file run-v2.cif (mmCIF, C-alpha atoms)
data_target
#
loop_
_atom_site.group_PDB
_atom_site.id
_atom_site.type_symbol
_atom_site.label_atom_id
_atom_site.label_comp_id
_atom_site.auth_asym_id
_atom_site.auth_seq_id
_atom_site.Cartn_x
_atom_site.Cartn_y
_atom_site.Cartn_z
ATOM 1 C CA MET N 144 15.230 -23.305 -13.987
ATOM 2 C CA SER N 145 18.664 -23.637 -12.505
ATOM 3 C CA VAL N 146 19.756 -20.847 -10.178
ATOM 4 C CA SER N 147 23.102 -21.134 -8.463
ATOM 5 C CA LYS N 148 23.398 -20.962 -4.696
ATOM 6 C CA GLU N 149 25.344 -17.720 -5.100
ATOM 7 C CA ALA N 150 22.569 -16.173 -7.203
ATOM 8 C CA PHE N 151 19.936 -17.335 -4.700
ATOM 9 C CA GLU N 152 21.869 -15.801 -1.800
ATOM 10 C CA ARG N 153 22.407 -12.572 -3.698
ATOM 11 C CA GLU N 154 18.693 -12.239 -4.511
ATOM 12 C CA VAL N 155 17.603 -13.103 -0.963
ATOM 13 C CA LEU N 156 19.974 -10.628 0.671
ATOM 14 C CA ALA N 157 18.966 -7.886 -1.793
ATOM 15 C CA LEU N 158 15.298 -8.424 -0.902
ATOM 16 C CA LEU N 159 15.767 -9.000 2.818
ATOM 17 C CA GLY N 160 14.738 -5.486 3.843
ATOM 18 C CA SER N 161 11.581 -5.652 1.743
ATOM 19 C CA LEU N 162 10.736 -9.194 2.933
ATOM 20 C CA SER N 163 11.219 -8.095 6.547
ATOM 21 C CA ARG N 164 9.042 -4.995 6.193
ATOM 22 C CA VAL N 165 6.197 -6.896 4.544
ATOM 23 C CA ALA N 166 6.453 -9.772 7.049
ATOM 24 C CA ARG N 167 6.300 -7.255 9.883
ATOM 25 C CA ARG N 168 3.074 -5.818 8.465
ATOM 26 C CA PHE N 169 1.552 -9.268 8.014
ATOM 27 C CA VAL N 170 2.215 -10.636 11.488
ATOM 28 C CA ARG N 171 2.687 -7.396 13.456
ATOM 29 C CA ASN N 172 5.299 -8.562 15.919
ATOM 30 C CA ASP N 173 9.045 -8.761 15.481
ATOM 31 C CA THR N 174 9.584 -12.345 16.620
ATOM 32 C CA ASP N 175 6.951 -13.807 14.289
ATOM 33 C CA ALA N 176 8.147 -11.575 11.436
ATOM 34 C CA GLU N 177 11.712 -12.839 11.765
ATOM 35 C CA ASP N 178 10.467 -16.436 11.926
ATOM 36 C CA LEU N 179 8.280 -15.846 8.871
ATOM 37 C CA VAL N 180 11.204 -14.500 6.833
ATOM 38 C CA ALA N 181 13.483 -17.375 7.876
ATOM 39 C CA GLU N 182 10.839 -19.995 7.055
ATOM 40 C CA THR N 183 10.191 -18.278 3.712
ATOM 41 C CA VAL N 184 13.875 -18.407 2.752
ATOM 42 C CA ALA N 185 14.123 -22.075 3.779
ATOM 43 C CA ARG N 186 11.039 -22.985 1.727
ATOM 44 C CA ALA N 187 12.227 -20.923 -1.230
ATOM 45 C CA TRP N 188 15.520 -22.818 -1.271
ATOM 46 C CA ARG N 189 13.684 -26.149 -1.244
ATOM 47 C CA ALA N 190 11.320 -24.964 -4.005
ATOM 48 C CA LEU N 191 13.966 -23.428 -6.229
ATOM 49 C CA ASP N 192 13.015 -25.638 -9.164
ATOM 50 C CA THR N 193 9.624 -23.867 -9.300
ATOM 51 C CA LEU N 194 11.258 -20.512 -10.122
ATOM 52 C CA GLN N 195 10.491 -19.737 -13.777
ATOM 53 C CA SER N 196 13.218 -17.146 -14.315
ATOM 54 C CA GLU N 197 15.583 -15.096 -12.218
ATOM 55 C CA ALA N 198 13.690 -11.982 -13.315
ATOM 56 C CA ALA N 199 10.609 -13.336 -11.518
ATOM 57 C CA PHE N 200 12.488 -13.893 -8.253
ATOM 58 C CA ARG N 201 10.819 -11.063 -6.324
ATOM 59 C CA SER N 202 7.192 -12.036 -6.965
ATOM 60 C CA TRP N 203 8.114 -15.731 -6.590
ATOM 61 C CA ILE N 204 9.639 -15.365 -3.123
ATOM 62 C CA PHE N 205 6.869 -12.986 -1.978
ATOM 63 C CA ARG N 206 4.335 -15.614 -3.021
ATOM 64 C CA ILE N 207 6.172 -18.085 -0.788
ATOM 65 C CA LEU N 208 6.171 -15.477 2.000
ATOM 66 C CA HIS N 209 2.427 -14.981 1.635
ATOM 67 C CA ASN N 210 1.681 -18.711 1.431
ATOM 68 C CA THR N 211 3.850 -19.354 4.499
ATOM 69 C CA PHE N 212 2.035 -16.623 6.371
ATOM 70 C CA VAL N 213 -1.359 -18.062 5.421
ATOM 71 C CA SER N 214 -0.472 -21.663 6.230
ATOM 72 C CA ASP N 215 1.700 -21.281 9.318
ATOM 73 C CA PHE N 216 1.163 -17.886 10.894
ATOM 74 C CA ARG N 217 -2.319 -16.557 10.191
ATOM 75 C CA ARG N 218 -4.136 -19.425 11.863
ATOM 76 C CA ALA N 219 -2.182 -19.030 15.086
ATOM 77 C CA ARG N 220 -2.590 -15.282 15.074
ATOM 78 C CA THR N 221 -6.313 -15.178 14.389
ATOM 79 C CA ARG N 222 -6.936 -17.394 17.412
ATOM 80 C CA ALA N 223 -5.608 -14.606 19.577
ATOM 81 C CA GLU N 224 -7.265 -11.730 17.734
ATOM 82 C CA VAL N 225 -10.820 -10.762 17.111
ATOM 83 C CA ALA N 226 -11.529 -11.257 13.433
ATOM 84 C CA MET N 227 -11.648 -7.931 11.661
ATOM 85 C CA PRO N 228 -14.691 -7.140 9.592
ATOM 86 C CA ASP N 229 -14.357 -6.625 5.867
ATOM 87 C CA THR N 230 -14.381 -3.058 4.618
ATOM 88 C CA ASP N 231 -17.706 -1.555 3.676
ATOM 89 C CA CYS N 232 -16.288 0.162 0.594
ATOM 90 C CA ASP N 233 -17.630 -0.727 -2.819
ATOM 91 C CA GLU N 234 -14.864 0.092 -5.275
ATOM 92 C CA ALA N 235 -13.978 3.780 -5.095
ATOM 93 C CA GLU N 236 -17.211 5.047 -3.610
ATOM 94 C CA PHE N 237 -15.524 7.161 -0.937
ATOM 95 C CA SER N 238 -13.038 9.919 -1.630
ATOM 96 C CA LEU N 239 -11.206 11.720 1.153
ATOM 97 C CA TYR N 240 -10.489 14.524 -1.306
ATOM 98 C CA GLU N 241 -14.206 15.012 -1.973
ATOM 99 C CA GLN N 242 -14.906 15.103 1.754
ATOM 100 C CA LEU N 243 -12.202 17.690 2.367
ATOM 101 C CA HIS N 244 -13.268 19.734 -0.648
ATOM 102 C CA GLN N 245 -16.721 20.522 0.702
ATOM 103 C CA PRO N 246 -17.781 24.169 0.753
ATOM 104 C CA PHE N 247 -17.774 24.516 4.541
ATOM 105 C CA LEU N 248 -14.169 23.363 4.670
ATOM 106 C CA LEU N 249 -13.082 25.684 1.887
ATOM 107 C CA TRP N 250 -13.194 28.227 4.678
ATOM 108 C CA TYR N 251 -9.603 27.055 5.199
ATOM 109 C CA SER N 252 -8.834 28.014 1.577
ATOM 110 C CA ASN N 253 -7.099 24.697 0.862
ATOM 111 C CA PRO N 254 -8.284 22.059 3.331
ATOM 112 C CA GLU N 255 -6.873 19.070 1.454
ATOM 113 C CA GLN N 256 -3.383 20.552 1.496
ATOM 114 C CA ALA N 257 -3.770 21.474 5.162
ATOM 115 C CA PHE N 258 -4.889 17.949 5.911
ATOM 116 C CA LEU N 259 -1.875 16.392 4.159
ATOM 117 C CA ASP N 260 0.504 18.844 5.811
ATOM 118 C CA LYS N 261 -0.755 17.804 9.242
ATOM 119 C CA LEU N 262 -1.040 14.112 8.534
ATOM 120 C CA LEU N 263 1.252 12.183 10.851
ATOM 121 C CA ARG N 264 2.922 8.842 10.434
ATOM 122 C CA GLU N 265 0.872 7.517 13.336
ATOM 123 C CA ASP N 266 -2.365 8.502 11.554
ATOM 124 C CA LEU N 267 -1.376 6.465 8.514
ATOM 125 C CA GLU N 268 -0.098 3.569 10.621
ATOM 126 C CA ARG N 269 -3.408 3.427 12.489
ATOM 127 C CA ALA N 270 -5.450 3.535 9.281
ATOM 128 C CA LEU N 271 -3.270 0.874 7.640
ATOM 129 C CA ALA N 272 -3.418 -1.396 10.678
ATOM 130 C CA ALA N 273 -7.213 -1.136 10.713
ATOM 131 C CA LEU N 274 -7.530 -2.649 7.239
ATOM 132 C CA PRO N 275 -8.483 -6.304 6.860
ATOM 133 C CA GLU N 276 -5.444 -8.411 6.136
ATOM 134 C CA HIS N 277 -6.089 -8.970 2.398
ATOM 135 C CA HIS N 278 -6.570 -5.238 1.876
ATOM 136 C CA ARG N 279 -3.548 -4.275 3.954
ATOM 137 C CA ALA N 280 -1.452 -6.659 1.854
ATOM 138 C CA VAL N 281 -2.248 -4.956 -1.472
ATOM 139 C CA VAL N 282 -1.659 -1.454 -0.090
ATOM 140 C CA VAL N 283 1.659 -2.493 1.464
ATOM 141 C CA LEU N 284 2.831 -4.147 -1.760
ATOM 142 C CA ALA N 285 1.578 -1.362 -4.076
ATOM 143 C CA ASP N 286 2.281 1.796 -2.110
ATOM 144 C CA LEU N 287 5.081 0.909 0.296
ATOM 145 C CA GLU N 288 7.008 -1.632 -1.774
ATOM 146 C CA GLU N 289 6.002 -0.328 -5.229
ATOM 147 C CA PHE N 290 5.107 -3.689 -6.769
ATOM 148 C CA THR N 291 3.353 -3.661 -10.136
ATOM 149 C CA TYR N 292 -0.195 -5.033 -10.267
ATOM 150 C CA GLY N 293 1.207 -8.094 -12.044
ATOM 151 C CA GLU N 294 3.764 -8.710 -9.288
ATOM 152 C CA ILE N 295 1.099 -8.312 -6.600
ATOM 153 C CA ALA N 296 -1.135 -10.774 -8.440
ATOM 154 C CA GLU N 297 1.712 -13.268 -8.612
ATOM 155 C CA ALA N 298 2.721 -12.735 -4.977
ATOM 156 C CA LEU N 299 -0.811 -13.168 -3.644
ATOM 157 C CA GLY N 300 -1.891 -15.826 -6.136
ATOM 158 C CA VAL N 301 -4.892 -13.884 -7.441
ATOM 159 C CA PRO N 302 -5.838 -12.452 -10.878
ATOM 160 C CA VAL N 303 -4.751 -8.901 -11.757
ATOM 161 C CA GLY N 304 -8.428 -7.873 -11.826
ATOM 162 C CA THR N 305 -8.720 -8.922 -8.191
ATOM 163 C CA VAL N 306 -5.675 -6.808 -7.346
ATOM 164 C CA ARG N 307 -7.351 -3.784 -8.966
ATOM 165 C CA SER N 308 -10.629 -4.229 -7.102
ATOM 166 C CA ARG N 309 -8.913 -4.981 -3.781
ATOM 167 C CA LEU N 310 -6.715 -1.925 -4.137
ATOM 168 C CA ALA N 311 -9.738 0.264 -4.891
ATOM 169 C CA ARG N 312 -11.590 -1.052 -1.833
ATOM 170 C CA ALA N 313 -8.514 -0.908 0.384
ATOM 171 C CA ARG N 314 -7.769 2.700 -0.556
ATOM 172 C CA CYS N 315 -11.402 3.592 -0.055
ATOM 173 C CA ALA N 316 -11.341 2.054 3.440
ATOM 174 C CA LEU N 317 -8.004 3.662 4.285
ATOM 175 C CA GLN N 318 -9.327 7.080 3.290
ATOM 176 C CA LYS N 319 -12.473 6.509 5.344
ATOM 177 C CA HIS N 320 -10.318 5.828 8.396
ATOM 178 C CA LEU N 321 -8.293 8.959 7.756
ATOM 179 C CA TRP N 322 -11.475 10.998 7.355
ATOM 180 C CA GLN N 323 -12.814 9.647 10.651
ATOM 181 C CA GLN N 324 -9.543 10.646 12.296
ATOM 182 C CA ALA N 325 -9.755 14.097 10.707
ATOM 183 C CA GLN N 326 -13.259 14.480 12.085
ATOM 184 C CA ALA N 327 -12.054 13.401 15.518
ATOM 185 C CA TYR N 328 -9.401 16.136 15.367
ATOM 186 C CA GLY N 329 -12.088 18.684 14.525
ATOM 187 C CA LEU N 330 -11.622 19.124 10.790
ATOM 188 C CA SER N 331 -15.298 18.878 9.996
ATOM 189 C CA GLY N 332 -18.420 20.966 9.656
ATOM 190 C CA GLU N 333 -19.534 23.142 12.482
ATOM 191 C CA ALA N 334 -16.755 22.102 14.810
ATOM 192 C CA ALA N 335 -14.199 23.249 12.277
ATOM 193 C CA ALA N 336 -15.937 26.543 11.626
ATOM 194 C CA ARG N 337 -16.429 27.191 15.349
ATOM 195 C CA ASN N 338 -13.058 26.193 16.678
ATOM 196 C CA GLY N 339 -10.715 26.734 13.802
ATOM 197 C CA SER N 340 -8.680 23.741 12.833
ATOM 198 C CA ARG N 341 -7.959 21.810 15.992
ATOM 199 C CA ILE N 342 -5.754 19.755 13.751
ATOM 200 C CA ASN N 343 -3.311 22.646 14.083
ATOM 201 C CA GLU N 344 -3.178 22.117 17.834
ATOM 202 C CA ARG N 345 -1.422 18.841 17.262
ATOM 203 C CA GLU N 346 1.625 20.721 16.089
ATOM 204 C CA ALA N 347 1.981 22.545 19.368
ATOM 205 C CA MET L 1 -2.554 8.382 -35.490
ATOM 206 C CA THR L 2 -5.626 9.393 -33.533
ATOM 207 C CA ARG L 3 -5.368 11.041 -30.157
ATOM 208 C CA THR L 4 -7.654 10.003 -27.337
ATOM 209 C CA ASP L 5 -8.909 12.735 -25.065
ATOM 210 C CA LEU L 6 -10.317 11.907 -21.656
ATOM 211 C CA ASP L 7 -13.269 13.467 -19.926
ATOM 212 C CA CYS L 8 -13.179 14.036 -16.160
ATOM 213 C CA GLU L 9 -15.149 10.903 -15.312
ATOM 214 C CA GLU L 10 -12.766 8.678 -17.245
ATOM 215 C CA ALA L 11 -9.714 10.518 -15.898
ATOM 216 C CA LEU L 12 -10.799 9.984 -12.300
ATOM 217 C CA ARG L 13 -11.677 6.357 -12.999
ATOM 218 C CA ARG L 14 -8.142 5.717 -14.244
ATOM 219 C CA LEU L 15 -6.376 8.024 -11.793
ATOM 220 C CA PHE L 16 -4.893 5.380 -9.493
ATOM 221 C CA GLU L 17 -3.687 3.307 -12.426
ATOM 222 C CA PHE L 18 -1.952 6.459 -13.638
ATOM 223 C CA LEU L 19 -0.369 7.099 -10.230
ATOM 224 C CA ASP L 20 0.621 3.427 -9.957
ATOM 225 C CA HIS L 21 2.353 3.622 -13.385
ATOM 226 C CA GLU L 22 0.011 0.952 -14.747
ATOM 227 C CA LEU L 23 -1.270 2.809 -17.831
ATOM 228 C CA ALA L 24 -0.026 2.107 -21.328
ATOM 229 C CA PRO L 25 2.073 4.965 -22.807
ATOM 230 C CA GLU L 26 -0.761 6.369 -24.941
ATOM 231 C CA GLU L 27 -3.172 6.215 -21.981
ATOM 232 C CA ARG L 28 -0.620 7.931 -19.760
ATOM 233 C CA ASP L 29 -0.154 10.662 -22.363
ATOM 234 C CA ALA L 30 -3.921 11.190 -22.590
ATOM 235 C CA MET L 31 -4.114 11.446 -18.791
ATOM 236 C CA GLN L 32 -1.268 13.954 -18.663
ATOM 237 C CA ARG L 33 -2.937 16.080 -21.341
ATOM 238 C CA HIS L 34 -6.173 16.070 -19.373
ATOM 239 C CA LEU L 35 -4.436 16.999 -16.116
ATOM 240 C CA GLN L 36 -2.677 19.883 -17.850
ATOM 241 C CA THR L 37 -6.007 21.402 -18.837
ATOM 242 C CA CYS L 38 -8.346 20.479 -15.972
ATOM 243 C CA ARG L 39 -7.703 22.235 -12.681
ATOM 244 C CA SER L 40 -10.191 20.116 -10.754
ATOM 245 C CA CYS L 41 -8.729 16.766 -11.829
ATOM 246 C CA TYR L 42 -5.195 18.077 -11.395
ATOM 247 C CA SER L 43 -5.987 19.091 -7.835
ATOM 248 C CA ARG L 44 -7.450 15.652 -7.086
ATOM 249 C CA SER L 45 -4.485 13.967 -8.723
ATOM 250 C CA GLU L 46 -2.011 15.962 -6.651
ATOM 251 C CA PHE L 47 -3.876 15.096 -3.458
ATOM 252 C CA GLU L 48 -3.831 11.365 -4.236
ATOM 253 C CA ARG L 49 -0.189 11.541 -5.339
ATOM 254 C CA ARG L 50 0.878 13.204 -2.074
ATOM 255 C CA LEU L 51 -1.163 10.771 0.018
ATOM 256 C CA LYS L 52 0.447 7.863 -1.829
ATOM 257 C CA ALA L 53 3.888 9.392 -1.252
ATOM 258 C CA LYS L 54 3.159 9.697 2.467
ATOM 259 C CA LEU L 55 2.239 6.027 2.567
ATOM 260 C CA HIS L 56 5.484 5.191 0.810
ATOM 261 C CA GLU L 57 7.363 7.137 3.480
ATOM 262 C CA LEU L 58 6.161 4.623 6.061
ATOM 263 C CA ARG L 59 8.594 2.229 4.437
ATOM 264 C CA GLN L 60 11.535 4.589 4.712
ATOM 265 C CA ASP L 61 10.915 5.360 8.366
ATOM 266 C CA ASP L 62 10.290 1.738 9.204
ATOM 267 C CA ALA L 63 12.620 0.252 11.764
ATOM 268 C CA PRO L 64 11.945 -3.334 10.823
ATOM 269 C CA ILE L 65 13.499 -6.468 12.160
ATOM 270 C CA ASP L 66 16.990 -7.178 10.926
ATOM 271 C CA PRO L 67 17.352 -10.911 10.391
ATOM 272 C CA GLN L 68 20.539 -10.427 8.364
ATOM 273 C CA GLU L 69 22.746 -12.639 10.569
ATOM 274 C CA ARG L 70 20.096 -15.333 10.986
ATOM 275 C CA ILE L 71 19.481 -15.490 7.246
ATOM 276 C CA ARG L 72 23.194 -15.543 6.439
ATOM 277 C CA ARG L 73 23.618 -18.507 8.799
ATOM 278 C CA LEU L 74 20.606 -20.176 7.197
ATOM 279 C CA LEU L 75 21.992 -19.642 3.685
ATOM 280 C CA GLN L 76 25.346 -21.114 4.743
ATOM 281 C CA SER L 77 23.544 -24.250 5.938
ATOM 282 C CA PHE L 78 22.087 -24.970 2.482
#
call {"tool": "encode", "arguments": {"input": "run-v2.cif", "output": "structure tokens"}}
result
Amino acid sequence: MSVSKEAFEREVLALLGSLSRVARRFVRNDTDAEDLVAETVARAWRALDTLQSEAAFRSWIFRILHNTFVSDFRRARTRAEVAMPDTDCDEAEFSLYEQLHQPFLLWYSNPEQAFLDKLLREDLERALAALPEHHRAVVVLADLEEFTYGEIAEALGVPVGTVRSRLARARCALQKHLWQQAQAYGLSGEAAARNGSRINEREA
Amino acid sequence: MTRTDLDCEEALRRLFEFLDHELAPEERDAMQRHLQTCRSCYSRSEFERRLKAKLHELRQDDAPIDPQERIRRLLQSF
């Protein structure tokens, strides 16, 4: 496939925000993220003959981003970090909605809406950051960047079925983290009934 | 043409594919019909939809790196 330099530049610049956001969530510091994006663009230019069609540019360059992260950045990073355990979710076994919809919480009339209304960016950031890397990747690509399952599969180099199962497990784990946070804020059982929703205190 | 109707178990099993816009048109239509008639599944669907939207907002509020100049210089070097 022959893509002109102008077309390559246009595609790269159009995707730069998305590449930067995803890189930032892979490596979690600005310097490494900028290096990862720059290395990705350099490798993409050298590998331009592997691009099947211009329509596939997004998943193609994100695959290069992911491969570059795995080969050049992950190894260095994991030396400095404690390896995170895998999630203990089997498919969609845990539902935050079901937890919030329990009879003792219906005391609030609509606990799931109350929970969402009080949910802060930092709560989601913490839950997302706690996911193992391969689970964080699918949530970031699906929910933040709105990739299709097919694009995620192409970007990560895995079958679509693997994307589905990883997403199910990742969302399960994310919701478990959010539920644990909700419990810590007092939105659970006796503590909730006794104290009212301490989650409301966070607004003050 | 036959119309497929979903029960709650099947609707919840396919819910995230519905929210991720991954269902085929006839499957999406069947899901929408179910959600229009089932308060419980509709409530769950709305919760998951709002949670997904909140995750998406992380992207909009992100203050990511801005390698624009570095990448422009890199592109000029090719």
call {"tool": "closest_residue", "arguments": {"input": "run-v2.cif", "among": "L:Leu23, L:Leu12, L:Leu58, L:Leu6", "to": "Tyr42 of chain L", "atoms": "only C-alpha atoms"}}
result
L:Leu12
call {"tool": "residues_around", "arguments": {"input": "run-v2.cif", "residues": "Leu75 of chain L", "least_positions_apart": "6", "cutoff": "10 Å", "atoms": "all atoms listed in the file", "output": "mmCIF file with C-alpha atoms, keeping the file's coordinate frame"}}
result
data_model
loop_
_atom_site.group_PDB
_atom_site.id
_atom_site.type_symbol
_atom_site.label_atom_id
_atom_site.label_comp_id
_atom_site.auth_asym_id
_atom_site.auth_seq_id
_atom_site.Cartn_x
_atom_site.Cartn_y
_atom_site.Cartn_z
ATOM 1 C CA LYS N 148 23.398 -20.962 -4.696
ATOM 2 C CA GLU N 149 25.344 -17.720 -5.100
ATOM 3 C CA PHE N 151 19.936 -17.335 -4.700
ATOM 4 C CA GLU N 152 21.869 -15.801 -1.800
ATOM 5 C CA VAL N 155 17.603 -13.103 -0.963
ATOM 6 C CA LEU N 156 19.974 -10.628 0.671
ATOM 7 C CA ALA N 181 13.483 -17.375 7.876
ATOM 8 C CA VAL N 184 13.875 -18.407 2.752
ATOM 9 C CA ALA N 185 14.123 -22.075 3.779
ATOM 10 C CA TRP N 188 15.520 -22.818 -1.271
ATOM 11 C CA GLU L 69 22.746 -12.639 10.569
#
call {"tool": "residues_around", "arguments": {"input": "run-v2.cif", "residues": "Phe16 of chain L", "least_positions_apart": "6", "cutoff": "10 Å", "atoms": "all atoms listed in the file", "output": "PDB file with C-alpha atoms, in the coordinates of the input"}}
result
ATOM      1  CA  ARG N 307      -7.351  -3.784  -8.966  1.00  0.00           C
ATOM      2  CA  LEU N 310      -6.715  -1.925  -4.137  1.00  0.00           C
ATOM      3  CA  ALA N 311      -9.738   0.264  -4.891  1.00  0.00           C
ATOM      4  CA  ARG N 314      -7.769   2.700  -0.556  1.00  0.00           C
TER       5      ARG N 314
ATOM      6  CA  GLU L  22       0.011   0.952 -14.747  1.00  0.00           C
ATOM      7  CA  LEU L  23      -1.270   2.809 -17.831  1.00  0.00           C
ATOM      8  CA  SER L  45      -4.485  13.967  -8.723  1.00  0.00           C
ATOM      9  CA  GLU L  48      -3.831  11.365  -4.236  1.00  0.00           C
ATOM     10  CA  ARG L  49      -0.189  11.541  -5.339  1.00  0.00           C
ATOM     11  CA  LYS L  52       0.447   7.863  -1.829  1.00  0.00           C
TER      12      LYS L  52
END
call {"tool": "closest_residue", "arguments": {"input": "run-v2.cif", "among": "N:Gly304, N:Leu243, N:Arg171, N:His320", "to": "Arg44 of chain L", "atoms": "all atoms listed in the file"}}
result
N:Leu243
call {"tool": "atom_distance", "arguments": {"input": "run-v2.cif", "atom1": "atom CA of Ala187 of chain N", "atom2": "atom CA of Arg309 of chain N"}}
result
26.6 Å
call {"tool": "residues_around", "arguments": {"input": "run-v2.cif", "residues": "segment 190-206 of chain N", "least_positions_apart": "6", "cutoff": "9 Å", "atoms": "only C-alpha atoms", "output": "list in words"}}
result
Met144, Ser145, Val146, Ala150, Phe151, Glu154, Val155, Leu158, Leu162, Val165, Thr183, Val184, Phe290, Gly293, Glu294, Ile295, Ala296, Glu297, Ala298, Leu299 and Gly300 of chain N
call {"tool": "closest_atom_pairs", "arguments": {"input": "run-v2.cif", "of": "chain L", "to": "chain N", "cutoff": "10 Å", "atoms": "all atoms listed in the file", "output": "CSV"}}
result
residue,atom,partner,partner_atom,distance
L:Arg13,CA,N:Ala235,CA,8.6
L:Phe16,CA,N:Ala311,CA,8.4
L:Glu17,CA,N:Arg307,CA,8.7
L:Asp20,CA,N:Thr291,CA,7.6
L:His21,CA,N:Thr291,CA,8.0
L:Glu22,CA,N:Thr291,CA,7.3
L:Ser43,CA,N:Tyr240,CA,9.2
L:Arg44,CA,N:Tyr240,CA,6.6
L:Ser45,CA,N:Tyr240,CA,9.6
L:Glu46,CA,N:Gln256,CA,9.5
L:Phe47,CA,N:Tyr240,CA,7.0
L:Glu48,CA,N:Tyr240,CA,7.9
L:Arg50,CA,N:Leu259,CA,7.5
L:Leu51,CA,N:Leu259,CA,7.0
L:Lys52,CA,N:Asp286,CA,6.3
L:Ala53,CA,N:Asp286,CA,7.8
L:Lys54,CA,N:Arg264,CA,8.0
L:Leu55,CA,N:Leu287,CA,6.3
L:His56,CA,N:Leu287,CA,4.3
L:Glu57,CA,N:Leu287,CA,7.4
L:Leu58,CA,N:Arg264,CA,6.9
L:Arg59,CA,N:Leu287,CA,5.6
L:Gln60,CA,N:Leu287,CA,8.6
L:Asp61,CA,N:Arg264,CA,9.0
L:Asp62,CA,N:Arg164,CA,7.5
L:Ala63,CA,N:Arg164,CA,8.4
L:Pro64,CA,N:Arg164,CA,5.7
L:Ile65,CA,N:Asp173,CA,6.0
L:Asp66,CA,N:Ser163,CA,7.3
L:Pro67,CA,N:Glu177,CA,6.1
L:Gln68,CA,N:Leu159,CA,7.5
L:Arg70,CA,N:Ala181,CA,7.6
L:Ile71,CA,N:Ala181,CA,6.3
L:Arg72,CA,N:Leu156,CA,8.2
L:Leu74,CA,N:Ala185,CA,7.6
L:Leu75,CA,N:Glu152,CA,6.7
L:Gln76,CA,N:Glu152,CA,9.1
L:Ser77,CA,N:Ala185,CA,9.9
L:Phe78,CA,N:Trp188,CA,7.9
call {"tool": "atom_distance", "arguments": {"input": "run-v2.cif", "atom1": "atom CA of Val301 of chain N", "atom2": "atom CA of Ala280 of chain N"}}
result
12.3 Å
call {"tool": "decode", "arguments": {"input": "run-v2.cif", "residues": "segment 200-212 of chain N", "atoms": "N, CA and C atoms", "output": "compact mmCIF listing (two decimals), in the first residue's frame"}}
result
# COMPACT_ATOMS: atom_id res chain seq x y z
N PHE N 200 -5.73 2.83 9.19
CA PHE N 200 -4.58 3.54 9.77
C PHE N 200 -4.64 3.56 11.30
N ARG N 201 -5.81 3.83 11.86
CA ARG N 201 -5.91 3.98 13.31
C ARG N 201 -5.50 2.70 14.04
N SER N 202 -6.12 1.57 13.69
CA SER N 202 -5.78 0.33 14.40
C SER N 202 -4.34 -0.09 14.10
N TRP N 203 -3.86 0.22 12.89
CA TRP N 203 -2.48 -0.11 12.51
C TRP N 203 -1.48 0.64 13.39
N ILE N 204 -1.66 1.94 13.54
CA ILE N 204 -0.66 2.71 14.30
C ILE N 204 -0.80 2.43 15.81
N PHE N 205 -2.02 2.10 16.27
CA PHE N 205 -2.16 1.74 17.69
C PHE N 205 -1.53 0.38 17.98
N ARG N 206 -1.52 -0.49 16.96
CA ARG N 206 -0.83 -1.77 17.16
C ARG N 206 0.67 -1.51 17.31
N ILE N 207 1.20 -0.59 16.52
CA ILE N 207 2.62 -0.24 16.63
C ILE N 207 2.88 0.40 17.99
N LEU N 208 1.97 1.26 18.44
CA LEU N 208 2.10 1.86 19.78
C LEU N 208 2.16 0.78 20.85
N HIS N 209 1.23 -0.17 20.77
CA HIS N 209 1.19 -1.23 21.78
C HIS N 209 2.44 -2.10 21.73
N ASN N 210 2.84 -2.48 20.51
CA ASN N 210 4.04 -3.31 20.37
C ASN N 210 5.29 -2.58 20.88
N THR N 211 5.36 -1.28 20.61
CA THR N 211 6.51 -0.49 21.08
C THR N 211 6.50 -0.42 22.60
N PHE N 212 5.33 -0.24 23.15
CA PHE N 212 5.21 -0.23 24.62
C PHE N 212 5.69 -1.56 25.20
